[in-house]
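Please read the structure below before turning to the comments.
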Amino acid sequence: MAVKLTPLAKLLITLVVLGAVGAGIYSQRDKLFPGKKPQTVSVPPKVDLDGSGSATASTAKITLNEKPGCADKPEVRLYHWAWNAQMGMMYATGGKQAAEGSLMCKHGVNLKLVREDSTDQMQSLLLAFAEDLKSGSKNPSKGAHFIIIMGDGGAAFFKAINDRLDKLGKEYEVEVVGSAGFSRGEDKFMGPQQWKDNPQSARGGLVAGVLRDGDWNIAMKWLGDNGIPNNPDETTFDPNALNWVNSSDYIDAAQKYVTGYCADLKNTKTGSKDKHCVQGIVTWTPGDVTAAENKGGIVSIVSTREYRSQMPAVIIGNKKWINANRDTVKGMLAAIFEGADAVKDEANLKKAAAISAAVYNEKDGDYWYKYFSPQSVKDKAGITVDLGGSAVSNLADNLLLFGLSQGAKNAFAATYTTFGNVVKSQYPDLVPSFPPVGDISDTSFVAELAKAEAPTTKPDVQKFDPTAVKQQAAVVVSRKNWNIAFDSGKASFTGQAETTLKTLLNDLVIASGTTVEIHGHTDNAGSPEGNMKLSEDRAFAVKQWLEAQAPQNFPEGRVKVFSHGQTQPVVPNSNAEGKAKNRRVEIVLGSTSSQI
């Protein structure tokens with residue numbers, strides 16, 4: 001559908017393109033960040049965003065070089081979504097196919113970029129490539145050499161595609177070889193302000209979104225971090241859990257909120273059917289824009305800005321082919337990583353944005369440039385909301401992501417495994433199992449590039465202020481009690497603590513955009529003074545363990561310790577069970593955007 005342009009937007013577009021009085025309707029099949037779901041997408045509505053910044057950031061006059069740069073090299077096809085995390089790759093390629101003077105041609109790779117919105121179709125393309133490869137073709141002309149999807153959605157994807165490829169032979173499976181970038185804010189869970197202020201108030205809420213997919217994962221992690229149940233059955237309503245309305249796509253999710261969509265759902269407690277209306281959404285730009293401009297009233301509860309390691313744009317290829325063509329794979333990755341460094345320059349970023357518009361056949365360069373960085377705008381209800389936000393990944397970022405740099409935890413493995421377990425637990429019939437991360441990732445290409453030439457730039461890591469005392473309550477993302485087993489009366493861990501600590505480590509690595517508060521608590525055994533010191537020692541023990549495991553993921557200033565002794569019991573200390581619950585460590589995640 002079309003949304004009426006504001007007078008300001010009309011004026012700005014007129015200044016850029018004389019005589020224009022509106023923007024084009026979305027293409028008949030494409031959509032903005034479409035592939036982040038397992039089914040075919042529908043046509044999104046036209047969304048005209050405010051024009052702030054576009055006049056000074058105009059890419060309208062950039063002329064792209066369409067001249068082939070290395071057509072003498074074998075064609076390598078990469079299928080992808082429309083996603084700003086690929087901005088470095090766009091710059092490196094120079095157009096729809098490796099252009100004259102491009103970084104891709106410098107590294108001897110004739111890369112062809114093809115937009116593909118459906119993950120089902122991506123799987124079919126990978127299968128077609130493998131079948132052609134098995135038939136004897138050294139460089140198949142059918143299907144996809146590579147595809148790019150979100151890392152947090154990898155478990156279900158790899159389970160489905162590698163089960164099909166195994167029929168050809170294990171060597172024809174696909175695996176991750178590197179990452180082009182990250183979502184850093186555009187993917188989000190939106191709902192009423194009270195859910196953000198008090199997460200427990202989301203119990204009994206109804207949210208629209210595509211189930212079992214990337215933005216759904218954001219809500220799943222937030223629920224888990226806050227100890228709130230999820231109701232996986234969209235045909236029922238559980239007043240003690242967060243409930244769902246399944247949407248055909250993320251624009252549909254936003255439209256369900258805007259139109260006040262309601263459903264008659266069977267109450268799991270009473271058995272009665274009651275009417276419930278959508279209160280929140282999981283979506284990405286422009287779905288959040290649709291909700292903000294046409295209705296408003298909901299805020300970003302949590303996004304990939306806080307869970308900044310959750311959504312890497314992972315590059316996936318056929319095991320047999322990539323090992324037979326290692327120089328080509330390394331050349332492609334080297335060009336992408338150099339492109340990521342190049343777009344740190346504004347002029348190159350604008351050029352990459354113009355290339356993105358041409359490759360995606362969607363919007364214009366000004367749009368992609370603007371929403372590469374997070375934008376804050378007023379919604380229809382006058383509430384400030386955040387839109388957009390992506391990042392590119394260079395060689396140093398890949399070393400950090402895959403745990404190849406000293407002191408770094410493998411964040412991709414944490415993301416893949418954590419969200420694989422989430423979808424497995426919620427939908428065991430659909431995803432009964434998924435491949436271990438070691439079977440679906442090959443970090444040797446990135447490692448060999450680093451060995452040949454060490455990165456000259458540093459990775460993009462969140463900065464934390466060591467002098468900040470405490471997060472404002474308004475920016476707390478989650479609170480969750482962890483029962484970490486300590487030796488009686490001591491701050492040393494028992495053998496049972498290791499599994500819990502490793503789970504905590506993965507959760508905090510994914511949420512790398514947040515500060516971490518560790519609050520120590522005890523039961524009432526012993527003196528109040530002794531318990532205060534014991535709770536502090538135990539909280540420090542957890543902090544020191546995390547920092548020792550992955551110092552790069554827990555830099556100075558990220559983790560803070562608070563001791564409460566026996567002063568804040570969650571249940572009475574009247575029996576052994578109550579005492580055990582009160583001996584706990586509470587983990588608080590908070591955004592770094594607002595500190596006191």
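A note on labels: chains of the structure tokens are A, B, ... as shown, every chain counts residues from 1, and ligands are counted from 1 in their shown order.
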Ser303 in chain A environment, 8 Å, only C-alpha atoms, sequence neighbours closer than 2 positions dropped, as a list in words: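 With the cut-off at 8 Å, the set is Arg184, Gly185, Glu186, Asp187, Lys188, Phe189, Ile218, Ser300, Ile301, Arg305, Glu306 and Tyr307 of chain A.
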Backbone-only DSSP, strand (DSSP E) members of range 196-359 of chain A, as an NGL selection string: :A and (206-209 or 236-237 or 243-246 or 262-267 or 273-277 or 280-283 or 299-303 or 312-318)
Only C-alpha atoms, please: the residues just picked out, written as a CSV table (one decimal), in the first residue's frame.
chain,number,residue,atom,x,y,z
A,206,LEU,CA,0.1,-10.9,22.6
A,207,VAL,CA,2.8,-10.3,20.0
A,208,ALA,CA,2.7,-10.6,16.1
A,209,GLY,CA,5.7,-11.9,14.2
A,236,THR,CA,-3.9,-20.7,22.6
A,237,PHE,CA,-3.5,-18.0,25.2
A,243,ASN,CA,1.7,-15.3,23.4
A,244,TRP,CA,1.9,-15.1,19.6
A,245,VAL,CA,0.0,-14.4,16.4
A,246,ASN,CA,1.9,-15.8,13.5
A,262,CYS,CA,-7.5,-9.5,17.4
A,263,ALA,CA,-8.0,-13.2,17.7
A,264,ASP,CA,-10.2,-15.6,19.7
A,265,LEU,CA,-7.8,-17.8,21.6
A,266,LYS,CA,-8.4,-20.6,24.0
A,267,ASN,CA,-7.2,-19.8,27.5
A,273,LYS,CA,-12.2,-18.6,24.3
A,274,ASP,CA,-11.5,-14.9,24.7
A,275,LYS,CA,-10.7,-12.1,22.4
A,276,HIS,CA,-7.1,-10.8,22.6
A,277,CYS,CA,-5.5,-8.0,20.5
A,280,GLY,CA,3.6,-5.8,20.3
A,281,ILE,CA,5.7,-7.0,17.3
A,282,VAL,CA,9.0,-8.5,16.3
A,283,THR,CA,10.2,-6.8,13.1
A,299,VAL,CA,8.9,1.2,21.9
A,300,SER,CA,11.9,-0.9,21.2
A,301,ILE,CA,12.1,-3.2,24.2
A,302,VAL,CA,15.3,-4.8,23.1
A,303,SER,CA,17.1,-5.1,19.8
A,312,PRO,CA,26.2,-11.9,12.1
A,313,ALA,CA,25.7,-12.0,8.3
A,314,VAL,CA,27.3,-15.4,7.8
A,315,ILE,CA,28.7,-16.5,4.4
A,316,ILE,CA,27.9,-20.1,3.6
A,317,GLY,CA,29.3,-22.3,0.9
A,318,ASN,CA,29.7,-25.9,-0.3
Atomic distance CA of Arg558 in chain A - CA of Phe540 in chain A, expressed in Å with one decimal: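 It comes out at 13.3 Å.
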Residues near Ile161 in chain A, cut-off 12 Å, only C-alpha atoms, skip fewer than 5 positions along chain, as a ChimeraX atom specification: /A:119-128,130,154-156,166-168,170,172-175,316-318,434-435,440
Interatomic distance (Å, one decimal) between CA of Asn323 in chain A and CA of Phe129 in chain A: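 These two atoms are separated by 14.9 Å.
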10 Å contact set for Ser492 in chain A, only C-alpha atoms, chain neighbours under 3 positions out, as a list in words: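 Contacts, in chain order: Ala485, Phe486, Asp487, Ser488, Gly489, Gly495, Ala497, Asp537, Arg538, Ala541 and Val542 of chain A.
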Between CA of Ser574 in chain A and CA of Lys533 in chain A, distance in Å (one decimal): 22.3 Å
Test item: residues at most 10 Å from Ser141 in chain A, only C-alpha atoms, excluding those fewer than 4 positions along its chain, as a VMD selection string: chain A and resid 74 to 77 128 to 129 132 to 133 137 145
Residues within 6 Å of range 577-591 of chain A, only C-alpha atoms, excluding chain neighbours under 2 positions, as a VMD selection string: chain A and resid 475 to 483 514 to 523 569 to 573 575 593
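Among the candidates A:Lys330, A:His107, A:Lys502, A:Lys344, the residue lying nearest to Val177 in chain A is A:Lys330 (atoms considered: only C-alpha atoms).
For the set A:Leu103, A:Ala342, A:Ala511, A:Ile228, the residue with the smallest atom-to-atom gap to Thr304 in chain A is A:Ala511, counting only C-alpha atoms.
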Residue list (alpha helix (DSSP H), DSSP) for range 174-222 of chain A, as a list in words: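 For range 174-222 of chain A, the alpha helix (DSSP H) set is Gln193, Gln194, Trp195, Lys196, Asp197, Gly214, Asp215, Trp216, Asn217, Ile218, Ala219, Met220, Lys221 and Trp222 of chain A.
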Residues near Leu404 in chain A, cut-off 9 Å, only C-alpha atoms, skip fewer than 4 positions along chain, as a list of chain:residue names: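 Everything that qualifies: A:Asn398, A:Leu399, A:Leu400, A:Ala408, A:Lys409, A:Asn410, A:Thr443, A:Val446, A:Ala447.
Minimum distance to Gln255 in chain A across A:Asn226, A:Gln279, A:Ser535, A:Thr268 (counting only C-alpha atoms) occurs at A:Gln279.
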Counting only C-alpha atoms, the residue of A:Ser441, A:Trp545, A:Thr503, A:Arg326 that sits nearest Phe402 in chain A: A:Ser441
